file work04.pdb (PDB, C-alpha atoms, pLDDT in the B column)
MODEL        1
ATOM      1  CA  MET A   1      41.215 194.210 293.032  1.00 60.00           C
ATOM      2  CA  ALA A   2      39.245 190.996 293.382  1.00 75.00           C
ATOM      3  CA  VAL A   3      38.148 189.040 290.340  1.00 72.00           C
ATOM      4  CA  THR A   4      35.460 186.360 290.344  1.00 76.00           C
ATOM      5  CA  LEU A   5      34.999 183.784 287.607  1.00 71.00           C
ATOM      6  CA  THR A   6      31.304 183.551 286.707  1.00 71.00           C
ATOM      7  CA  GLY A   7      29.359 181.611 284.072  1.00 64.00           C
ATOM      8  CA  ASN A   8      29.601 184.657 281.773  1.00 64.00           C
ATOM      9  CA  GLY A   9      33.291 185.444 282.236  1.00 66.00           C
ATOM     10  CA  LEU A  10      35.161 187.560 284.783  1.00 68.00           C
ATOM     11  CA  LYS A  11      33.471 189.920 287.244  1.00 72.00           C
ATOM     12  CA  PHE A  12      35.565 192.571 288.959  1.00 73.00           C
ATOM     13  CA  ASP A  13      34.879 193.933 292.444  1.00 78.00           C
ATOM     14  CA  SER A  14      33.880 197.255 290.838  1.00 77.00           C
ATOM     15  CA  GLY A  15      30.940 195.406 289.240  1.00 72.00           C
ATOM     16  CA  SER A  16      32.263 195.549 285.685  1.00 67.00           C
ATOM     17  CA  GLU A  17      32.442 192.335 283.661  1.00 66.00           C
ATOM     18  CA  MET A  18      34.662 190.942 280.976  1.00 61.00           C
ATOM     19  CA  ARG A  19      32.484 188.436 279.136  1.00 63.00           C
ATOM     20  CA  ARG A  20      33.277 186.016 276.357  1.00 69.00           C
ATOM     21  CA  ARG A  21      31.298 182.972 275.352  1.00 74.00           C
ATOM     22  CA  VAL A  22      33.812 180.595 273.800  1.00 81.00           C
ATOM     23  CA  PHE A  23      32.975 177.554 271.715  1.00 88.00           C
ATOM     24  CA  GLU A  24      34.730 174.832 269.786  1.00 91.00           C
ATOM     25  CA  TYR A  25      33.582 172.086 267.454  1.00 93.00           C
ATOM     26  CA  ARG A  26      35.825 169.215 266.381  1.00 93.00           C
ATOM     27  CA  ASP A  27      34.557 167.097 263.535  1.00 92.00           C
ATOM     28  CA  PHE A  28      35.907 164.189 261.511  1.00 88.00           C
ATOM     29  CA  ASN A  29      34.984 162.661 258.177  1.00 86.00           C
ATOM     30  CA  ASN A  30      36.348 159.411 256.761  1.00 79.00           C
ATOM     31  CA  THR A  31      34.150 159.204 253.645  1.00 81.00           C
ATOM     32  CA  GLY A  32      36.161 158.748 250.453  1.00 79.00           C
ATOM     33  CA  TYR A  33      35.711 161.365 247.720  1.00 81.00           C
ATOM     34  CA  THR A  34      37.174 161.012 244.230  1.00 83.00           C
ATOM     35  CA  TYR A  35      38.174 164.178 242.422  1.00 83.00           C
ATOM     36  CA  THR A  36      38.972 164.648 238.728  1.00 84.00           C
ATOM     37  CA  THR A  37      39.619 167.623 236.436  1.00 85.00           C
ATOM     38  CA  SER A  38      36.115 169.023 237.113  1.00 90.00           C
ATOM     39  CA  TRP A  39      35.044 170.554 240.415  1.00 92.00           C
ATOM     40  CA  SER A  40      33.247 167.989 242.548  1.00 91.00           C
ATOM     41  CA  ASN A  41      31.595 168.238 245.932  1.00 94.00           C
ATOM     42  CA  GLY A  42      33.287 166.717 248.917  1.00 91.00           C
ATOM     43  CA  TRP A  43      32.204 167.005 252.523  1.00 93.00           C
ATOM     44  CA  GLU A  44      29.151 169.082 253.341  1.00 96.00           C
ATOM     45  CA  THR A  45      29.236 169.445 257.100  1.00 97.00           C
ATOM     46  CA  GLY A  46      26.218 169.579 259.333  1.00 96.00           C
ATOM     47  CA  ASN A  47      25.193 172.803 261.012  1.00 98.00           C
ATOM     48  CA  TYR A  48      27.228 174.205 263.889  1.00 97.00           C
ATOM     49  CA  ALA A  49      25.339 176.423 266.358  1.00 96.00           C
ATOM     50  CA  ILE A  50      27.106 179.787 266.636  1.00 95.00           C
ATOM     51  CA  PRO A  51      26.208 182.518 269.144  1.00 92.00           C
ATOM     52  CA  ALA A  52      25.366 186.003 267.884  1.00 92.00           C
ATOM     53  CA  LYS A  53      28.203 188.510 267.494  1.00 91.00           C
ATOM     54  CA  SER A  54      30.930 185.876 267.123  1.00 93.00           C
ATOM     55  CA  LYS A  55      34.356 185.656 265.592  1.00 92.00           C
ATOM     56  CA  CYS A  56      35.462 182.219 264.386  1.00 95.00           C
ATOM     57  CA  LEU A  57      38.539 180.356 263.240  1.00 95.00           C
ATOM     58  CA  LEU A  58      38.139 177.307 260.987  1.00 96.00           C
ATOM     59  CA  ARG A  59      41.136 174.945 260.701  1.00 95.00           C
ATOM     60  CA  TYR A  60      41.155 171.764 258.649  1.00 92.00           C
ATOM     61  CA  ASN A  61      43.394 168.955 257.466  1.00 89.00           C
ATOM     62  CA  ILE A  62      42.364 166.971 254.363  1.00 85.00           C
ATOM     63  CA  PRO A  63      44.233 163.755 253.438  1.00 84.00           C
ATOM     64  CA  VAL A  64      44.642 163.581 249.646  1.00 81.00           C
ATOM     65  CA  ARG A  65      46.143 161.187 247.123  1.00 76.00           C
ATOM     66  CA  ASN A  66      46.841 161.751 243.444  1.00 76.00           C
ATOM     67  CA  ASP A  67      46.580 158.993 240.871  1.00 72.00           C
ATOM     68  CA  ALA A  68      48.890 160.354 238.136  1.00 67.00           C
ATOM     69  CA  TYR A  69      51.205 157.373 237.828  1.00 65.00           C
ATOM     70  CA  SER A  70      52.373 157.732 234.219  1.00 66.00           C
ATOM     71  CA  SER A  71      53.202 161.425 233.802  1.00 67.00           C
ATOM     72  CA  TRP A  72      53.565 164.782 235.471  1.00 67.00           C
ATOM     73  CA  GLY A  73      50.308 165.581 237.145  1.00 64.00           C
ATOM     74  CA  GLY A  74      47.821 164.836 239.809  1.00 64.00           C
ATOM     75  CA  GLY A  75      47.581 167.886 241.970  1.00 71.00           C
ATOM     76  CA  TYR A  76      44.929 169.106 244.290  1.00 77.00           C
ATOM     77  CA  TYR A  77      42.895 172.285 244.535  1.00 82.00           C
ATOM     78  CA  SER A  78      40.293 172.946 247.224  1.00 86.00           C
ATOM     79  CA  ARG A  79      37.354 175.360 247.290  1.00 92.00           C
ATOM     80  CA  LEU A  80      35.417 176.287 250.429  1.00 95.00           C
ATOM     81  CA  TYR A  81      31.880 177.578 250.805  1.00 97.00           C
ATOM     82  CA  TYR A  82      29.898 178.479 253.902  1.00 98.00           C
ATOM     83  CA  ALA A  83      26.164 179.003 254.495  1.00 98.00           C
ATOM     84  CA  ILE A  84      24.340 180.700 257.330  1.00 98.00           C
ATOM     85  CA  ASN A  85      20.996 179.247 258.455  1.00 98.00           C
ATOM     86  CA  ASN A  86      20.898 176.934 255.397  1.00 98.00           C
ATOM     87  CA  GLY A  87      20.923 179.961 253.092  1.00 98.00           C
ATOM     88  CA  SER A  88      22.909 180.429 249.891  1.00 98.00           C
ATOM     89  CA  TRP A  89      26.471 179.219 249.704  1.00 98.00           C
ATOM     90  CA  VAL A  90      29.132 181.926 249.992  1.00 97.00           C
ATOM     91  CA  ASP A  91      32.236 181.107 247.926  1.00 95.00           C
ATOM     92  CA  LEU A  92      35.541 181.816 249.683  1.00 93.00           C
ATOM     93  CA  GLY A  93      37.548 181.063 246.560  1.00 88.00           C
ATOM     94  CA  HIS A  94      39.926 178.202 245.899  1.00 83.00           C
ATOM     95  CA  SER A  95      43.428 177.334 246.997  1.00 81.00           C
ATOM     96  CA  GLY A  96      45.054 177.133 243.596  1.00 71.00           C
ATOM     97  CA  TYR A  97      47.423 174.198 243.195  1.00 71.00           C
ATOM     98  CA  SER A  98      48.287 173.233 246.737  1.00 71.00           C
ATOM     99  CA  THR A  99      49.659 169.697 247.053  1.00 74.00           C
ATOM    100  CA  ALA A 100      49.878 166.104 245.712  1.00 70.00           C
ATOM    101  CA  MET A 101      51.608 166.753 242.400  1.00 69.00           C
ATOM    102  CA  HIS A 102      54.514 164.604 241.196  1.00 68.00           C
ATOM    103  CA  ASN A 103      55.947 162.858 238.187  1.00 69.00           C
ATOM    104  CA  ASN A 104      55.187 159.139 237.785  1.00 69.00           C
ATOM    105  CA  SER A 105      53.917 158.576 241.297  1.00 66.00           C
ATOM    106  CA  GLY A 106      50.761 158.463 243.370  1.00 66.00           C
ATOM    107  CA  ASP A 107      51.479 160.947 246.123  1.00 71.00           C
ATOM    108  CA  ILE A 108      49.753 160.589 249.510  1.00 73.00           C
ATOM    109  CA  THR A 109      49.819 163.845 251.420  1.00 76.00           C
ATOM    110  CA  ARG A 110      47.468 166.392 252.979  1.00 78.00           C
ATOM    111  CA  TYR A 111      46.034 169.831 252.420  1.00 81.00           C
ATOM    112  CA  MET A 112      45.785 172.082 255.471  1.00 84.00           C
ATOM    113  CA  ASN A 113      44.316 175.563 255.741  1.00 89.00           C
ATOM    114  CA  HIS A 114      42.502 177.972 258.039  1.00 92.00           C
ATOM    115  CA  HIS A 115      40.009 180.815 257.658  1.00 95.00           C
ATOM    116  CA  HIS A 116      38.950 183.641 259.967  1.00 95.00           C
ATOM    117  CA  PHE A 117      35.315 184.765 260.074  1.00 96.00           C
ATOM    118  CA  ASP A 118      33.936 187.925 261.664  1.00 95.00           C
ATOM    119  CA  PHE A 119      30.224 187.481 262.352  1.00 96.00           C
ATOM    120  CA  SER A 120      30.125 190.224 265.003  1.00 92.00           C
ATOM    121  CA  ALA A 121      27.481 192.103 262.971  1.00 96.00           C
ATOM    122  CA  LEU A 122      24.973 189.212 263.307  1.00 96.00           C
ATOM    123  CA  THR A 123      22.761 189.975 266.299  1.00 94.00           C
ATOM    124  CA  SER A 124      20.996 186.604 266.606  1.00 95.00           C
ATOM    125  CA  ASP A 125      22.336 183.096 267.166  1.00 94.00           C
ATOM    126  CA  PHE A 126      22.731 181.245 263.858  1.00 97.00           C
ATOM    127  CA  ASN A 127      23.759 177.974 262.233  1.00 98.00           C
ATOM    128  CA  LEU A 128      26.898 177.720 260.123  1.00 98.00           C
ATOM    129  CA  LYS A 129      27.882 174.917 257.763  1.00 98.00           C
ATOM    130  CA  PHE A 130      30.599 174.319 255.176  1.00 98.00           C
ATOM    131  CA  LEU A 131      30.935 172.687 251.766  1.00 97.00           C
ATOM    132  CA  PHE A 132      34.292 171.623 250.362  1.00 94.00           C
ATOM    133  CA  GLN A 133      34.929 171.056 246.653  1.00 93.00           C
ATOM    134  CA  HIS A 134      37.957 169.460 244.990  1.00 89.00           C
ATOM    135  CA  ILE A 135      39.608 169.355 241.585  1.00 86.00           C
ATOM    136  CA  SER A 136      42.742 167.799 240.105  1.00 83.00           C
ATOM    137  CA  TYR A 137      45.291 169.554 237.906  1.00 79.00           C
ATOM    138  CA  THR A 138      45.463 166.429 235.739  1.00 77.00           C
ATOM    139  CA  SER A 139      44.232 162.881 236.150  1.00 76.00           C
ATOM    140  CA  SER A 140      42.341 162.178 239.378  1.00 76.00           C
ATOM    141  CA  GLY A 141      42.790 161.632 243.070  1.00 77.00           C
ATOM    142  CA  GLU A 142      41.130 160.646 246.274  1.00 75.00           C
ATOM    143  CA  VAL A 143      40.296 162.468 249.481  1.00 78.00           C
ATOM    144  CA  ASN A 144      40.589 160.163 252.506  1.00 74.00           C
ATOM    145  CA  GLY A 145      42.013 157.481 250.205  1.00 64.00           C
ATOM    146  CA  ASN A 146      45.238 155.807 251.127  1.00 59.00           C
ATOM    147  CA  ASP A 147      47.003 152.488 250.828  1.00 50.00           C
ATOM    148  CA  ILE A 148      46.831 151.850 254.558  1.00 48.00           C
ATOM    149  CA  GLY A 149      43.127 151.594 255.301  1.00 45.00           C
ATOM    150  CA  GLY A 150      41.497 152.555 252.011  1.00 46.00           C
ATOM    151  CA  ALA A 151      38.931 155.285 251.456  1.00 45.00           C
ATOM    152  CA  GLY A 152      36.099 155.242 253.911  1.00 44.00           C
ATOM    153  CA  GLN A 153      38.052 153.157 256.408  1.00 46.00           C
ATOM    154  CA  SER A 154      39.168 154.324 259.807  1.00 48.00           C
ATOM    155  CA  GLY A 155      42.732 153.173 259.165  1.00 49.00           C
ATOM    156  CA  TYR A 156      45.543 154.705 261.161  1.00 48.00           C
ATOM    157  CA  HIS A 157      48.615 156.286 259.707  1.00 48.00           C
ATOM    158  CA  GLY A 158      51.948 155.984 261.497  1.00 47.00           C
ATOM    159  CA  ASN A 159      51.439 157.751 264.809  1.00 44.00           C
ATOM    160  CA  ASN A 160      47.948 156.392 265.601  1.00 44.00           C
ATOM    161  CA  THR A 161      46.345 159.447 264.011  1.00 48.00           C
ATOM    162  CA  PRO A 162      43.291 158.527 261.923  1.00 50.00           C
ATOM    163  CA  PHE A 163      43.940 159.106 258.243  1.00 64.00           C
ATOM    164  CA  GLN A 164      40.767 161.112 257.855  1.00 77.00           C
ATOM    165  CA  TRP A 165      39.547 164.645 257.430  1.00 84.00           C
ATOM    166  CA  HIS A 166      39.867 166.784 260.576  1.00 87.00           C
ATOM    167  CA  LEU A 167      37.994 170.038 261.096  1.00 93.00           C
ATOM    168  CA  CYS A 168      38.133 172.380 264.102  1.00 95.00           C
ATOM    169  CA  LEU A 169      35.826 175.393 264.346  1.00 96.00           C
ATOM    170  CA  SER A 170      36.497 177.601 267.357  1.00 94.00           C
ATOM    171  CA  GLY A 171      35.475 181.078 268.312  1.00 92.00           C
ATOM    172  CA  TYR A 172      34.130 183.494 270.850  1.00 87.00           C
ATOM    173  CA  GLN A 173      31.197 185.795 271.242  1.00 87.00           C
ATOM    174  CA  VAL A 174      31.976 189.529 271.203  1.00 81.00           C
ATOM    175  CA  TYR A 175      29.902 191.528 273.671  1.00 72.00           C
TER     176      TYR A 175
ENDMDL
END

call {"tool": "encode", "arguments": {"input": "work04.pdb", "output": "structure tokens"}}
result
Amino acid sequence: MAVTLTGNGLKFDSGSEMRRRVFEYRDFNNTGYTYTTSWSNGWETGNYAIPAKSKCLLRYNIPVRNDAYSSWGGGYYSRLYYAINNGSWVDLGHSGYSTAMHNNSGDITRYMNHHHFDFSALTSDFNLKFLFQHISYTSSGEVNGNDIGGAGQSGYHGNNTPFQWHLCLSGYQVY
């Protein structure tokens, strides 16, 4: 059986096709965001163009620092929202305490997570964007803040990896 690679996927000699439209967005943010014991907005991404009938995987890595130097505390919680075509935000819930909590120290670490989305019921191409929020268990902290380059800087951390927020949105169109 012969198989030909076409612009739409694979075409078999019988005439049948296996089609998938794959996509991937990689985005970075080095803006500094301070978080305290009240939910505060962090990065609101721009819109990503998504084909109709898609399934997506969002992966992200957020550098965080706590500023609880005199007691047990700091801590970091993250909340994620998404919006389709600039509509209402859909709340995906929050992480609960996830990282950056110590006694008498300012911990520099990261929060990493991923989410799967099934948009296969949407029959038209659409735009998708995300909003991240942050909160501290006690005290305060900084997203993208570190002692190497400082918040908002494009400083590098150890292995020449930028100490900044990384986001990867990948997916494929289901036919």

call {"tool": "atom_distance", "arguments": {"input": "work04.pdb", "atom1": "atom CA of Asp27 of chain A", "atom2": "atom CA of Trp165 of chain A"}}
result
8.3 Å

call {"tool": "closest_residue", "arguments": {"input": "work04.pdb", "among": "A:Tyr137, A:Trp43, A:Tyr175, A:Tyr77", "to": "Asn30 of chain A", "atoms": "all atoms listed in the file"}}
result
A:Trp43

call {"tool": "resolve_selection", "arguments": {"input": "work04.pdb", "expression": "the PyMOL selection byres ((chain A and resi 114) around 10)", "output": "list in words"}}
result
Leu57, Leu58, Arg59, Tyr60, Asn61, Met112, Asn113, His115, His116, Leu167, Cys168 and Leu169 of chain A

call {"tool": "residues_around", "arguments": {"input": "work04.pdb", "residues": "Ser124 of chain A", "least_positions_apart": "6", "cutoff": "12 Å", "atoms": "only C-alpha atoms", "output": "list in words"}}
result
Ala49, Ile50, Pro51, Ala52, Lys53, Ser54, Ile84, Asn85 and Gln173 of chain A

call {"tool": "resolve_selection", "arguments": {"input": "work04.pdb", "expression": "the PyMOL selection byres ((chain A and resi 42) around 8)", "output": "list in words"}}
result
Tyr33, Ser40, Asn41, Trp43, Glu44, Leu131, Phe132, Gln133 and His134 of chain A

call {"tool": "write_last_selection", "arguments": {"input": "work04.pdb", "atoms": "C-alpha atoms", "output": "compact mmCIF listing (two decimals), keeping the file's coordinate frame"}}
result
# COMPACT_ATOMS: atom_id res chain seq x y z
CA TYR A 33 35.71 161.36 247.72
CA SER A 40 33.25 167.99 242.55
CA ASN A 41 31.60 168.24 245.93
CA TRP A 43 32.20 167.00 252.52
CA GLU A 44 29.15 169.08 253.34
CA LEU A 131 30.94 172.69 251.77
CA PHE A 132 34.29 171.62 250.36
CA GLN A 133 34.93 171.06 246.65
CA HIS A 134 37.96 169.46 244.99

call {"tool": "closest_residue", "arguments": {"input": "work04.pdb", "among": "A:Ile135, A:Leu128, A:Leu5, A:Leu92", "to": "Thr34 of chain A", "atoms": "only C-alpha atoms"}}
result
A:Ile135

call {"tool": "closest_residue", "arguments": {"input": "work04.pdb", "among": "A:Thr99, A:Thr45, A:Ser120, A:Ser139", "to": "Asn86 of chain A", "atoms": "all atoms listed in the file"}}
result
A:Thr45

call {"tool": "decode", "arguments": {"input": "work04.pdb", "residues": "segment 28-58 of chain A", "atoms": "C-alpha atoms", "output": "short mmCIF file (atom, residue, chain, number, x, y, z; two decimals), in the first residue's frame"}}
result
data_model
loop_
_atom_site.label_atom_id
_atom_site.label_comp_id
_atom_site.auth_asym_id
_atom_site.auth_seq_id
_atom_site.Cartn_x
_atom_site.Cartn_y
_atom_site.Cartn_z
CA PHE A 28 7.35 33.94 26.78
CA ASN A 29 6.70 36.67 29.31
CA ASN A 30 9.33 38.40 31.45
CA THR A 31 7.08 41.03 33.06
CA GLY A 32 7.33 41.04 36.86
CA TYR A 33 4.10 40.49 38.81
CA THR A 34 3.85 40.89 42.58
CA TYR A 35 1.38 38.70 44.42
CA THR A 36 0.07 39.07 47.98
CA THR A 37 -2.64 37.40 50.07
CA SER A 38 -5.37 38.58 47.64
CA TRP A 39 -5.84 37.19 44.15
CA SER A 40 -4.13 39.40 41.59
CA ASN A 41 -3.95 39.23 37.83
CA GLY A 42 -0.75 38.14 36.19
CA TRP A 43 -0.20 37.48 32.51
CA GLU A 44 -3.12 37.87 30.14
CA THR A 45 -1.92 36.34 26.91
CA GLY A 46 -2.84 37.53 23.47
CA ASN A 47 -5.16 35.51 21.28
CA TYR A 48 -3.98 32.27 19.70
CA ALA A 49 -5.74 31.24 16.47
CA ILE A 50 -7.14 27.72 16.86
CA PRO A 51 -8.71 25.67 14.05
CA ALA A 52 -12.24 24.32 14.48
CA LYS A 53 -12.67 20.88 16.04
CA SER A 54 -9.35 20.94 17.90
CA LYS A 55 -7.87 19.30 20.95
CA CYS A 56 -5.17 21.25 22.78
CA LEU A 57 -2.52 20.82 25.44
CA LEU A 58 -1.33 23.86 27.40
#
